[in-house]
file start.csv (CSV, C-alpha atoms)
chain,number,residue,atom,x,y,z
N,1,MET,CA,10.1,11.7,-31.1
N,2,GLY,CA,8.5,8.2,-31.5
N,3,PRO,CA,5.0,7.3,-30.5
N,4,SER,CA,6.1,5.3,-27.4
N,5,THR,CA,7.7,8.4,-25.9
N,6,ALA,CA,4.4,10.3,-26.5
N,7,VAL,CA,2.4,7.6,-24.7
N,8,TYR,CA,4.5,7.1,-21.6
N,9,ASN,CA,5.8,10.6,-20.9
N,10,ALA,CA,2.3,12.2,-20.8
N,11,PRO,CA,2.4,14.9,-18.2
N,12,ALA,CA,-1.0,14.3,-16.7
N,13,VAL,CA,-3.6,11.6,-17.0
N,14,PHE,CA,-2.9,8.6,-19.2
N,15,ASP,CA,-4.7,5.3,-19.7
N,16,ILE,CA,-3.0,2.6,-17.5
N,17,GLY,CA,-4.3,-0.5,-19.4
N,18,SER,CA,-3.8,0.6,-22.9
N,19,SER,CA,-0.3,1.9,-22.1
N,20,LEU,CA,0.7,-1.5,-20.8
N,21,ARG,CA,-0.9,-3.3,-23.7
N,22,ASP,CA,0.7,-1.0,-26.2
N,23,ALA,CA,4.2,-1.6,-24.7
N,24,ARG,CA,3.7,-5.4,-24.6
N,25,GLU,CA,2.5,-5.6,-28.2
N,26,ARG,CA,5.2,-3.2,-29.4
N,27,GLN,CA,7.8,-5.7,-28.0
N,28,GLY,CA,6.0,-8.7,-29.3
N,29,LEU,CA,5.6,-10.3,-25.9
N,30,ASP,CA,2.9,-12.7,-24.8
N,31,PHE,CA,1.4,-13.4,-21.5
N,32,PRO,CA,3.1,-16.8,-20.7
N,33,GLU,CA,6.5,-15.1,-21.2
N,34,LEU,CA,5.6,-12.2,-19.0
N,35,GLU,CA,4.1,-14.5,-16.4
N,36,GLU,CA,7.4,-16.2,-16.2
N,37,ARG,CA,9.3,-12.9,-16.1
N,38,THR,CA,7.1,-11.2,-13.4
N,39,LYS,CA,6.0,-14.3,-11.5
N,40,ILE,CA,2.4,-12.8,-11.7
N,41,ARG,CA,-0.4,-14.9,-13.1
N,42,ALA,CA,-1.4,-14.2,-16.6
N,43,LYS,CA,-5.1,-13.6,-15.6
N,44,TYR,CA,-3.9,-10.7,-13.4
N,45,LEU,CA,-1.7,-9.3,-16.1
N,46,ARG,CA,-4.8,-9.3,-18.4
N,47,ALA,CA,-6.8,-7.6,-15.7
N,48,LEU,CA,-4.3,-4.8,-15.5
N,49,GLU,CA,-4.5,-4.2,-19.2
N,50,ASP,CA,-8.3,-4.3,-19.0
N,51,GLU,CA,-8.2,-2.1,-15.9
N,52,ARG,CA,-10.4,-4.8,-14.2
N,53,PHE,CA,-8.9,-3.9,-10.8
N,54,ASP,CA,-11.9,-5.3,-9.1
N,55,ILE,CA,-10.9,-8.9,-9.8
N,56,LEU,CA,-7.4,-8.4,-8.3
N,57,PRO,CA,-6.9,-9.4,-4.7
N,58,ALA,CA,-6.6,-6.0,-3.1
N,59,PRO,CA,-5.3,-2.5,-3.8
N,60,THR,CA,-2.0,-3.4,-2.2
N,61,TYR,CA,-1.4,-6.0,-4.8
N,62,VAL,CA,-2.7,-3.9,-7.7
N,63,LYS,CA,0.1,-1.4,-6.9
N,64,GLY,CA,2.7,-4.2,-6.7
N,65,PHE,CA,1.5,-5.8,-9.9
N,66,LEU,CA,1.5,-2.5,-11.8
N,67,ARG,CA,5.1,-1.7,-10.7
N,68,ALA,CA,6.3,-5.2,-11.5
N,69,TYR,CA,4.5,-5.4,-14.9
N,70,ALA,CA,5.7,-1.9,-16.0
N,71,ASP,CA,9.3,-2.7,-14.9
N,72,ALA,CA,9.2,-5.9,-16.9
N,73,LEU,CA,8.1,-3.9,-20.0
N,74,GLY,CA,11.0,-1.5,-19.5
N,75,LEU,CA,8.8,1.3,-18.2
N,76,ASP,CA,8.9,3.4,-15.1
N,77,GLY,CA,6.4,1.7,-12.8
N,78,GLN,CA,5.9,4.7,-10.4
N,79,PRO,CA,3.7,6.8,-12.8
N,80,PHE,CA,1.4,3.8,-13.2
N,81,VAL,CA,1.1,3.5,-9.4
N,82,ASP,CA,0.5,7.2,-9.0
N,83,GLU,CA,-2.2,7.2,-11.7
N,84,TYR,CA,-3.9,4.3,-10.0
N,85,ASN,CA,-3.7,6.0,-6.6
N,86,SER,CA,-5.3,9.2,-8.1
N,87,ARG,CA,-8.1,7.4,-9.9
N,88,PHE,CA,-8.9,4.2,-8.1
N,89,ALA,CA,-7.2,3.8,-4.7
N,90,ILE,CA,-9.7,5.8,-2.6
N,91,GLY,CA,-10.4,3.8,0.6
N,92,ASP,CA,-7.5,1.4,0.3
N,93,GLU,CA,-7.9,-0.9,3.3
N,94,ASP,CA,-4.8,-3.0,2.9
N,95,ALA,CA,-2.1,-0.4,2.7
N,96,PRO,CA,0.9,-0.9,5.1
N,97,ILE,CA,0.8,1.0,8.3
N,98,ARG,CA,2.1,4.5,8.0
N,99,ALA,CA,2.9,7.0,10.7
N,100,ARG,CA,0.3,9.7,10.9
N,101,ARG,CA,1.8,13.1,10.0
N,102,VAL,CA,1.3,15.8,12.6
N,103,PRO,CA,0.9,19.3,11.1
N,104,ALA,CA,3.4,21.8,12.3
N,105,PRO,CA,1.9,24.5,14.5
N,106,ARG,CA,1.6,28.0,13.0
N,107,PRO,CA,4.1,30.6,14.2
N,108,SER,CA,2.6,33.2,16.6
N,109,ARG,CA,3.7,36.7,17.4
N,110,GLY,CA,5.0,35.9,20.8
N,111,GLY,CA,8.7,35.4,19.9
N,112,ARG,CA,10.2,33.2,22.5
N,113,GLU,CA,6.8,32.1,23.8
N,114,SER,CA,5.9,30.9,20.3
N,115,ARG,CA,9.1,28.9,20.0
N,116,LEU,CA,8.5,27.3,23.4
N,117,ALA,CA,4.9,26.5,22.4
N,118,MET,CA,6.1,24.9,19.2
N,119,LEU,CA,8.6,22.7,21.0
N,120,THR,CA,6.0,21.7,23.5
N,121,VAL,CA,3.5,20.6,20.8
N,122,LEU,CA,6.2,18.7,19.0
N,123,ALA,CA,7.3,16.9,22.1
N,124,ILE,CA,3.7,15.9,22.9
N,125,ALA,CA,3.3,14.7,19.3
N,126,VAL,CA,6.4,12.6,19.5
N,127,VAL,CA,5.4,11.0,22.8
N,128,THR,CA,1.9,10.3,21.5
N,129,ALA,CA,3.3,8.6,18.4
N,130,LEU,CA,5.6,6.4,20.5
N,131,VAL,CA,2.8,5.4,22.8
N,132,ILE,CA,0.5,4.6,19.8
N,133,ALA,CA,3.3,2.5,18.1
N,134,ALA,CA,4.0,0.6,21.3
N,135,TRP,CA,0.3,-0.1,21.8
N,136,ARG,CA,-0.3,-1.2,18.2
N,137,PHE,CA,2.7,-3.5,17.8
N,138,GLY,CA,3.7,-4.5,21.2
N,139,GLY,CA,0.6,-4.8,23.3
N,140,PRO,CA,0.4,-3.8,26.9
N,141,GLU,CA,3.2,-6.2,27.9
N,142,GLU,CA,5.6,-4.6,25.5
N,143,GLU,CA,5.1,-0.9,26.3
N,144,SER,CA,7.9,1.0,27.8
N,145,VAL,CA,8.3,4.6,28.9
N,146,PRO,CA,11.8,6.2,28.5
N,147,GLY,CA,13.3,6.8,32.0
N,148,LEU,CA,10.9,4.5,33.8
N,149,ARG,CA,12.8,1.7,35.6
N,150,THR,CA,11.3,-1.8,35.8
N,151,ASP,CA,12.3,-5.0,37.5
N,152,THR,CA,12.4,-7.1,34.4
N,153,VAL,CA,15.8,-8.6,33.5
N,154,ALA,CA,15.3,-8.8,29.7
N,155,SER,CA,17.9,-6.5,28.2
N,156,VAL,CA,16.3,-6.4,24.8
N,157,PRO,CA,12.6,-5.4,24.4
N,158,PRO,CA,10.5,-8.3,23.0
N,159,ALA,CA,9.4,-6.2,20.0
N,160,ALA,CA,13.1,-5.5,19.1
N,161,ARG,CA,14.1,-9.2,19.0
N,162,PRO,CA,14.5,-10.6,15.5
N,163,VAL,CA,11.6,-12.7,14.1
N,164,ARG,CA,12.0,-15.6,11.7
N,165,VAL,CA,9.0,-16.2,9.4
N,166,THR,CA,8.6,-19.2,7.1
N,167,VAL,CA,5.8,-19.2,4.5
N,168,VAL,CA,4.9,-22.6,2.9
N,169,ALA,CA,2.5,-22.9,0.0
N,170,THR,CA,0.4,-25.9,1.0
N,171,GLY,CA,-3.0,-25.3,-0.6
N,172,GLY,CA,-2.0,-23.7,-3.9
N,173,SER,CA,0.2,-20.9,-5.2
N,174,THR,CA,-0.1,-17.3,-4.1
N,175,TRP,CA,1.5,-14.0,-5.0
N,176,MET,CA,3.6,-12.7,-2.0
N,177,GLU,CA,5.5,-9.6,-1.1
N,178,VAL,CA,7.7,-9.4,2.0
N,179,SER,CA,9.4,-6.2,3.3
N,180,THR,CA,11.2,-5.1,6.4
N,181,GLY,CA,11.8,-1.9,8.3
N,182,ALA,CA,9.7,0.5,10.2
N,183,GLN,CA,7.6,1.5,7.2
N,184,ALA,CA,8.1,-1.6,5.0
N,185,ASP,CA,10.8,0.4,3.2
N,186,ARG,CA,13.1,-2.5,2.3
N,187,LEU,CA,11.8,-5.2,-0.1
N,188,LEU,CA,12.9,-8.7,0.6
N,189,TYR,CA,10.8,-10.7,-1.9
N,190,ARG,CA,8.1,-10.2,-4.5
N,191,GLY,CA,6.7,-12.9,-6.6
N,192,THR,CA,4.5,-16.1,-6.8
N,193,LEU,CA,5.1,-18.8,-4.2
N,194,GLU,CA,4.2,-22.0,-6.0
N,195,GLN,CA,2.5,-24.9,-4.2
N,196,GLY,CA,5.1,-26.9,-2.3
N,197,GLN,CA,7.6,-24.0,-2.1
N,198,ARG,CA,8.7,-22.3,1.1
N,199,LYS,CA,10.5,-19.0,1.8
N,200,THR,CA,12.1,-17.9,5.1
N,201,PHE,CA,12.7,-14.3,6.1
N,202,GLU,CA,14.2,-12.7,9.2
N,203,GLY,CA,14.1,-9.2,10.7
N,204,ARG,CA,13.0,-7.1,13.7
N,205,ARG,CA,9.7,-6.4,12.0
N,206,LEU,CA,8.4,-8.0,8.8
N,207,TRP,CA,5.6,-6.9,6.5
N,208,LEU,CA,3.9,-9.8,4.8
N,209,ALA,CA,1.4,-9.4,1.9
N,210,LEU,CA,-0.4,-12.5,0.5
N,211,ALA,CA,-2.9,-12.5,-2.4
N,212,GLU,CA,-4.3,-15.9,-1.2
N,213,PRO,CA,-3.5,-16.3,2.5
N,214,GLU,CA,-5.7,-19.4,2.7
N,215,ASN,CA,-3.2,-21.3,0.5
N,216,VAL,CA,-0.2,-21.0,2.9
N,217,VAL,CA,1.0,-22.0,6.3
N,218,VAL,CA,3.0,-19.4,8.3
N,219,ARG,CA,5.5,-20.2,11.0
N,220,ARG,CA,6.9,-17.6,13.4
N,221,ASN,CA,10.1,-18.6,15.1
N,222,GLY,CA,9.3,-22.3,14.3
N,223,ASN,CA,5.7,-22.2,15.6
N,224,ARG,CA,2.7,-22.3,13.3
N,225,VAL,CA,0.5,-19.2,13.7
N,226,GLU,CA,-3.0,-18.5,12.5
N,227,LEU,CA,-3.3,-15.4,10.2
N,228,PRO,CA,-5.9,-12.8,11.2
N,229,ALA,CA,-8.5,-11.8,8.6
N,230,GLY,CA,-6.9,-9.7,5.8
N,231,THR,CA,-4.2,-10.0,3.2
N,232,THR,CA,-1.4,-7.7,4.6
N,233,PHE,CA,0.2,-8.4,8.0
N,234,ALA,CA,2.8,-6.9,10.4
N,235,VAL,CA,4.9,-9.5,12.1
N,236,THR,CA,7.1,-9.1,15.2
N,237,SER,CA,8.6,-11.7,17.6
N,238,ARG,CA,5.5,-11.3,19.8
N,239,ARG,CA,2.6,-11.2,17.5
N,240,ILE,CA,1.2,-11.0,14.0
N,241,VAL,CA,-1.6,-8.5,13.2
N,242,ARG,CA,-3.4,-7.2,10.2
N,243,ALA,CA,-1.8,-4.1,8.8
N,244,THR,CA,-4.3,-1.3,8.4
N,245,PRO,CA,-4.1,2.4,7.5

call {"tool": "encode", "arguments": {"input": "start.csv", "output": "structure tokens"}}
result
Amino acid sequence: MGPSTAVYNAPAVFDIGSSLRDARERQGLDFPELEERTKIRAKYLRALEDERFDILPAPTYVKGFLRAYADALGLDGQPFVDEYNSRFAIGDEDAPIRARRVPAPRPSRGGRESRLAMLTVLAIAVVTALVIAAWRFGGPEEESVPGLRTDTVASVPPAARPVRVTVVATGGSTWMEVSTGAQADRLLYRGTLEQGQRKTFEGRRLWLALAEPENVVVRRNGNRVELPAGTTFAVTSRRIVRATP
């Protein structure tokens, strides 16, 4: 088995930076070529090889950069992300919103009573999660309770209406990642938006990550919006908010 297999198939801890550098040098690639291939600035690629994660924009981008760089080198990017998470990603403040997992109740000795108690706890957890989601993304004007009739005539809840987002790089270039879905599970775009370029995306809920948000102008359904503080955002037809854990 060759030395490359021994480096990248290590079962436990491995060195992120030297593994990337070794793969790049083994293939005779230089940073300008990889910058063009990955759409990631060369200074960020060097930072990954040096494990200077502190000079990268945020943990969210480190993970995206690691995955993209490893993929460009013909490696599996997930082990690099997992290794980063285990060693460096404590206190990640810019990760996309994730639903909080509710632990399943322990079974009791009461037979039918224990099953009824379990169903009751699960029902409460589901209702609680729905209320939290409605409050976080929709605001008071968007909350709805199943079975409660209202006098509004809108047939589609505002949060469910598609949103069209246009990002224009006006003050410089920026690395950008855009996903859609309830948990940002479908990637629409990942790369560098150069100055003067624009990209438009559409979906019921969009997740927008920007390395340099001050370099862009964002329009939602044709109207310019001011981005809140942060680098990762959740966008619906009603509002745009910072995505936090």

call {"tool": "closest_residue", "arguments": {"input": "start.csv", "among": "N:Arg198, N:Arg164, N:Arg26, N:Arg87", "to": "Asn221 in chain N", "atoms": "only C-alpha atoms"}}
result
N:Arg164

call {"tool": "closest_residue", "arguments": {"input": "start.csv", "among": "N:Pro162, N:Pro79, N:Gly28, N:Gly64", "to": "Val178 in chain N", "atoms": "only C-alpha atoms"}}
result
N:Gly64

call {"tool": "closest_residue", "arguments": {"input": "start.csv", "among": "N:Gly222, N:Gly77, N:Gly191, N:Gly203", "to": "Ser19 in chain N", "atoms": "all atoms listed in the file"}}
result
N:Gly77

call {"tool": "atom_distance", "arguments": {"input": "start.csv", "atom1": "CA of Arg186 in chain N", "atom2": "CA of Asn223 in chain N"}}
result
24.9 Å

call {"tool": "closest_residue", "arguments": {"input": "start.csv", "among": "N:Ala23, N:Val62, N:Leu73, N:Val81", "to": "Arg37 in chain N", "atoms": "only C-alpha atoms"}}
result
N:Leu73

call {"tool": "atom_distance", "arguments": {"input": "start.csv", "atom1": "CA of Pro57 in chain N", "atom2": "CA of Ala211 in chain N"}}
result
5.6 Å

call {"tool": "atom_distance", "arguments": {"input": "start.csv", "atom1": "CA of Arg204 in chain N", "atom2": "CA of Asp71 in chain N"}}
result
29.2 Å

call {"tool": "closest_residue", "arguments": {"input": "start.csv", "among": "N:Val235, N:Val167, N:Ala72, N:Ala125", "to": "Glu36 in chain N", "atoms": "all atoms listed in the file"}}
result
N:Ala72

call {"tool": "closest_residue", "arguments": {"input": "start.csv", "among": "N:Met118, N:Val217, N:Ala209, N:Leu45", "to": "Gly17 in chain N", "atoms": "all atoms listed in the file"}}
result
N:Leu45

call {"tool": "residues_around", "arguments": {"input": "start.csv", "residues": "range 48-55 of chain N", "least_positions_apart": "2", "cutoff": "9 Å", "atoms": "all atoms listed in the file", "output": "PyMOL selection string"}}
result
chain N and resi 16-21+43-46+57-59+62+65-66+69+88
